[in-house]
$ cat query-v9.pdb   # PDB, C-alpha atoms and all ligand atoms
ATOM      1  CA  MET A 105       0.000   0.000   0.000  1.00  0.00           C
ATOM      2  CA  TYR A 106       2.798   2.387   0.953  1.00  0.00           C
ATOM      3  CA  LEU A 107       4.598   1.674  -2.312  1.00  0.00           C
ATOM      4  CA  PHE A 108       1.394   2.351  -4.230  1.00  0.00           C
ATOM      5  CA  ILE A 109       0.992   5.804  -2.628  1.00  0.00           C
ATOM      6  CA  VAL A 110       4.637   6.681  -3.319  1.00  0.00           C
ATOM      7  CA  THR A 111       4.256   5.602  -6.958  1.00  0.00           C
ATOM      8  CA  LEU A 112       1.044   7.598  -7.271  1.00  0.00           C
ATOM      9  CA  ILE A 113       2.618  10.776  -5.809  1.00  0.00           C
ATOM     10  CA  LEU A 114       5.683  10.422  -8.035  1.00  0.00           C
ATOM     11  CA  SER A 115       3.580  10.026 -11.174  1.00  0.00           C
ATOM     12  CA  ILE A 116       1.458  13.084 -10.276  1.00  0.00           C
ATOM     13  CA  LEU A 117       4.622  15.118  -9.687  1.00  0.00           C
ATOM     14  CA  GLY A 118       5.943  13.863 -12.999  1.00  0.00           C
ATOM     15  CA  VAL A 119       2.820  14.998 -14.853  1.00  0.00           C
ATOM     16  CA  VAL A 120       2.848  18.415 -13.139  1.00  0.00           C
ATOM     17  CA  ALA A 121       6.549  18.912 -13.897  1.00  0.00           C
ATOM     18  CA  TYR A 122       5.989  17.895 -17.508  1.00  0.00           C
ATOM     19  CA  TYR A 123       3.016  20.258 -17.842  1.00  0.00           C
ATOM     20  CA  LEU A 124       4.994  23.180 -16.384  1.00  0.00           C
ATOM     21  CA  TYR A 125       7.906  22.382 -18.698  1.00  0.00           C
ATOM     22  CA  ILE A 126       5.663  22.438 -21.795  1.00  0.00           C
ATOM     23  CA  LYS A 127       3.938  25.630 -20.605  1.00  0.00           C
ATOM     24  CA  GLN A 128       7.262  27.386 -19.967  1.00  0.00           C
ATOM     25  CA  LYS A 129       8.598  26.200 -23.314  1.00  0.00           C
ATOM     26  CA  GLY A 130       5.498  27.586 -25.061  1.00  0.00           C
ATOM     27  CA  GLU A 131       5.877  30.980 -23.365  1.00  0.00           C
ATOM     28  CA  LYS A 132       9.533  31.117 -24.347  1.00  0.00           C
ATOM     29  CA  LEU A 133       8.740  30.184 -27.944  1.00  0.00           C
ATOM     30  CA  SER A 134       6.043  32.848 -28.300  1.00  0.00           C
ATOM     31  CA  LYS A 135       8.593  35.466 -27.181  1.00  0.00           C
ATOM     32  CA  ILE A 136      11.292  34.089 -29.451  1.00  0.00           C
ATOM     33  CA  GLU A 137       8.940  34.115 -32.444  1.00  0.00           C
ATOM     34  CA  LYS A 138       8.633  37.880 -31.892  1.00  0.00           C
ATOM     35  CA  GLY A 139      12.438  38.060 -31.879  1.00  0.00           C
ATOM     36  CA  ILE A 140      12.704  38.725 -28.144  1.00  0.00           C
ATOM     37  CA  CYS A 141      15.165  36.811 -25.966  1.00  0.00           C
ATOM     38  CA  PRO A 142      13.439  35.209 -22.910  1.00  0.00           C
ATOM     39  CA  GLU A 143      16.610  35.652 -20.865  1.00  0.00           C
ATOM     40  CA  CYS A 144      17.675  39.250 -21.433  1.00  0.00           C
ATOM     41  CA  GLU A 145      14.495  40.668 -23.100  1.00  0.00           C
ATOM     42  CA  LYS A 146      16.503  42.107 -26.005  1.00  0.00           C
ATOM     43  CA  GLU A 147      15.438  41.831 -29.632  1.00  0.00           C
ATOM     44  CA  SER A 148      18.521  39.898 -30.658  1.00  0.00           C
ATOM     45  CA  ILE A 149      17.218  36.402 -31.466  1.00  0.00           C
ATOM     46  CA  THR A 150      18.620  34.720 -34.545  1.00  0.00           C
ATOM     47  CA  VAL A 151      18.038  31.278 -36.045  1.00  0.00           C
ATOM     48  CA  LYS A 152      21.210  29.278 -35.652  1.00  0.00           C
ATOM     49  CA  ARG A 153      20.070  26.097 -37.346  1.00  0.00           C
ATOM     50  CA  SER A 154      16.825  24.891 -38.857  1.00  0.00           C
ATOM     51  CA  LYS A 155      16.144  21.429 -40.183  1.00  0.00           C
ATOM     52  CA  SER A 156      12.994  19.606 -41.122  1.00  0.00           C
ATOM     53  CA  GLY A 157      11.932  16.583 -39.112  1.00  0.00           C
ATOM     54  CA  GLY A 158      11.090  14.647 -42.268  1.00  0.00           C
ATOM     55  CA  CYS A 159       7.611  13.138 -42.459  1.00  0.00           C
ATOM     56  CA  SER A 160       6.841  13.995 -38.818  1.00  0.00           C
ATOM     57  CA  GLY A 161       5.831  17.480 -39.977  1.00  0.00           C
ATOM     58  CA  THR A 162       7.858  19.343 -37.352  1.00  0.00           C
ATOM     59  CA  THR A 163      10.874  21.526 -37.897  1.00  0.00           C
ATOM     60  CA  ASN A 164      13.773  21.411 -35.490  1.00  0.00           C
ATOM     61  CA  VAL A 165      15.020  24.947 -34.907  1.00  0.00           C
ATOM     62  CA  ILE A 166      17.851  26.223 -32.732  1.00  0.00           C
ATOM     63  CA  TYR A 167      17.484  29.865 -31.702  1.00  0.00           C
ATOM     64  CA  ARG A 168      20.361  31.911 -30.399  1.00  0.00           C
ATOM     65  CA  CYS A 169      20.567  35.303 -28.706  1.00  0.00           C
ATOM     66  CA  GLU A 170      23.362  37.513 -30.032  1.00  0.00           C
ATOM     67  CA  ASN A 171      23.293  39.595 -26.867  1.00  0.00           C
ATOM     68  CA  CYS A 172      23.599  37.123 -23.967  1.00  0.00           C
ATOM     69  CA  GLY A 173      24.448  33.854 -25.704  1.00  0.00           C
ATOM     70  CA  TYR A 174      21.168  32.143 -24.804  1.00  0.00           C
ATOM     71  CA  GLU A 175      20.513  29.129 -27.007  1.00  0.00           C
ATOM     72  CA  GLU A 176      17.603  26.703 -27.118  1.00  0.00           C
ATOM     73  CA  GLU A 177      16.165  24.061 -29.384  1.00  0.00           C
ATOM     74  CA  PHE A 178      12.478  23.987 -30.342  1.00  0.00           C
ATOM     75  CA  ASN A 179      10.303  21.686 -32.372  1.00  0.00           C
ATOM     76  CA  VAL A 180       8.113  24.009 -34.393  1.00  0.00           C
ATOM     77  CA  GLY A 181       5.053  22.574 -36.074  1.00  0.00           C
ATOM     78  CA  ALA A 182       4.968  22.818 -39.860  1.00  0.00           C
ATOM     79  CA  SER A 183       2.031  24.012 -41.961  1.00  0.00           C
ATOM     80  CA  GLY A 184       0.928  20.447 -42.693  1.00  0.00           C
ATOM     81  CA  CYS A 185      -0.262  19.890 -39.116  1.00  0.00           C
ATOM     82  CA  GLY A 186      -3.504  21.887 -39.166  1.00  0.00           C
ATOM     83  CA  SER A 187      -3.299  23.366 -35.658  1.00  0.00           C
ATOM     84  CA  GLY A 188       0.307  24.381 -36.273  1.00  0.00           C
ATOM     85  CA  LYS A 189       1.616  22.347 -33.358  1.00  0.00           C
ATOM     86  CA  CYS A 190       2.142  18.610 -33.329  1.00  0.00           C
ATOM     87  CA  GLY A 191       1.610  17.368 -29.765  1.00  0.00           C
ATOM     88  CA  ILE A 192       4.823  18.398 -28.090  1.00  0.00           C
TER      89      ILE A 192
HETATM   90 ZN    ZN B 201      19.516  37.245 -24.625  1.00  0.00          ZN
END
$ encode --input "query-v9.pdb" --output "structure tokens" --more "lines below"
Ligand SMILES: [Zn+2]
Amino acid sequence: MYLFIVTLILSILGVVAYYLYIKQKGEKLSKIEKGICPECEKESITVKRSKSGGCSGTTNVIYRCENCGYEEEFNVGASGCGSGKCGI
């Protein structure tokens, strides 16, 4: 019984952490798409590398800030996905 409760709590924490991660990632991406760095708030975002994810319909993009050196990878949904975002 104790093990069950621990497992249950851990899985809930996992889901919450995952949700917060996706939410934070989405907020960052919406800023970056406007060209604003989420770290230093400067309009110095450039695309470092962009490659298509093949038939998955997503594009793998690495954004970089010229001002503070911030760099992050995002999977941006391509036009073929209707909603514009493919799951994660
Ligand atoms: Zn920056």
$ resolve_selection --input "query-v9.pdb" --expression "the PyMOL selection byres (((not hetatm)) within 6 of (chain B and resi 201))" --output "compact mmCIF listing (two decimals) with C-alpha atoms, keeping the file's coordinate frame"
# COMPACT_ATOMS: atom_id res chain seq x y z
CA CYS A 141 15.16 36.81 -25.97
CA GLU A 143 16.61 35.65 -20.86
CA CYS A 144 17.68 39.25 -21.43
CA LYS A 146 16.50 42.11 -26.00
CA CYS A 169 20.57 35.30 -28.71
CA ASN A 171 23.29 39.60 -26.87
CA CYS A 172 23.60 37.12 -23.97
CA TYR A 174 21.17 32.14 -24.80
$ atom_distance --input "query-v9.pdb" --atom1 "CA of Lys138 (chain A)" --atom2 "CA of Thr150 (chain A)"
10.8 Å
$ closest_residue --input "query-v9.pdb" --among "A:Lys129, A:Ile113, A:Lys152, A:Leu124" --to "Gly173 (chain A)" --atoms "only C-alpha atoms"
A:Lys152
$ resolve_selection --input "query-v9.pdb" --expression "the PyMOL selection byres (((chain A and resi 177) around 8) and not hetatm)" --output "ChimeraX atom specification"
/A:164-167,175-176,178-179
$ atom_distance --input "query-v9.pdb" --atom1 "CA of Glu131 (chain A)" --atom2 "CA of Glu147 (chain A)"
15.8 Å
$ atom_distance --input "query-v9.pdb" --atom1 "CA of Lys132 (chain A)" --atom2 "CA of Glu145 (chain A)"
10.8 Å
$ axis_aligned_box --input "query-v9.pdb" --around "region 131-144 of chain A" --padding-each-side "4 Å" --output "lines of an AutoDock Vina configuration file"
center_x = 11.8
center_y = 34.7
center_z = -26.7
size_x = 19.8
size_y = 17.1
size_z = 19.6
$ resolve_selection --input "query-v9.pdb" --expression "the PyMOL selection byres (((chain A and resi 163) around 7) and not hetatm)" --output "JSON list (two decimals) with C-alpha atoms, in the coordinates of the input"
[["chain", "number", "residue", "atom", "x", "y", "z"],
["A", 154, "SER", "CA", 16.82, 24.89, -38.86],
["A", 155, "LYS", "CA", 16.14, 21.43, -40.18],
["A", 156, "SER", "CA", 12.99, 19.61, -41.12],
["A", 157, "GLY", "CA", 11.93, 16.58, -39.11],
["A", 161, "GLY", "CA", 5.83, 17.48, -39.98],
["A", 162, "THR", "CA", 7.86, 19.34, -37.35],
["A", 164, "ASN", "CA", 13.77, 21.41, -35.49],
["A", 165, "VAL", "CA", 15.02, 24.95, -34.91],
["A", 179, "ASN", "CA", 10.30, 21.69, -32.37],
["A", 180, "VAL", "CA", 8.11, 24.01, -34.39],
["A", 181, "GLY", "CA", 5.05, 22.57, -36.07],
["A", 182, "ALA", "CA", 4.97, 22.82, -39.86]]
$ build_atoms --input "query-v9.pdb" --residues "region 169-182 of chain A" --atoms "N, CA and C atoms" --output "tab-separated table (two decimals), keeping the file's coordinate frame"
chain	number	residue	atom	x	y	z
A	169	CYS	N	20.58	33.87	-29.00
A	169	CYS	CA	20.57	35.30	-28.71
A	169	CYS	C	21.96	35.86	-28.90
A	170	GLU	N	22.06	36.89	-29.74
A	170	GLU	CA	23.36	37.51	-30.03
A	170	GLU	C	23.86	38.35	-28.86
A	171	ASN	N	22.94	38.72	-27.98
A	171	ASN	CA	23.29	39.60	-26.87
A	171	ASN	C	23.88	38.84	-25.66
A	172	CYS	N	23.16	37.80	-25.19
A	172	CYS	CA	23.60	37.12	-23.97
A	172	CYS	C	24.08	35.70	-24.19
A	173	GLY	N	23.95	35.19	-25.42
A	173	GLY	CA	24.45	33.85	-25.70
A	173	GLY	C	23.45	32.74	-25.41
A	174	TYR	N	22.22	33.12	-25.07
A	174	TYR	CA	21.17	32.14	-24.80
A	174	TYR	C	20.91	31.32	-26.06
A	175	GLU	N	20.72	30.02	-25.87
A	175	GLU	CA	20.51	29.13	-27.01
A	175	GLU	C	19.55	28.02	-26.61
A	176	GLU	N	18.53	27.80	-27.42
A	176	GLU	CA	17.60	26.70	-27.12
A	176	GLU	C	17.00	26.11	-28.37
A	177	GLU	N	16.69	24.81	-28.26
A	177	GLU	CA	16.16	24.06	-29.38
A	177	GLU	C	14.65	23.91	-29.25
A	178	PHE	N	13.93	24.12	-30.35
A	178	PHE	CA	12.48	23.99	-30.34
A	178	PHE	C	12.02	23.15	-31.52
A	179	ASN	N	10.94	22.41	-31.29
A	179	ASN	CA	10.30	21.69	-32.37
A	179	ASN	C	9.08	22.48	-32.80
A	180	VAL	N	9.18	23.15	-33.93
A	180	VAL	CA	8.11	24.01	-34.39
A	180	VAL	C	7.26	23.24	-35.40
A	181	GLY	N	5.96	23.29	-35.18
A	181	GLY	CA	5.05	22.57	-36.07
A	181	GLY	C	5.03	23.19	-37.46
A	182	ALA	N	5.01	22.35	-38.48
A	182	ALA	CA	4.97	22.82	-39.86
A	182	ALA	C	3.52	23.06	-40.30
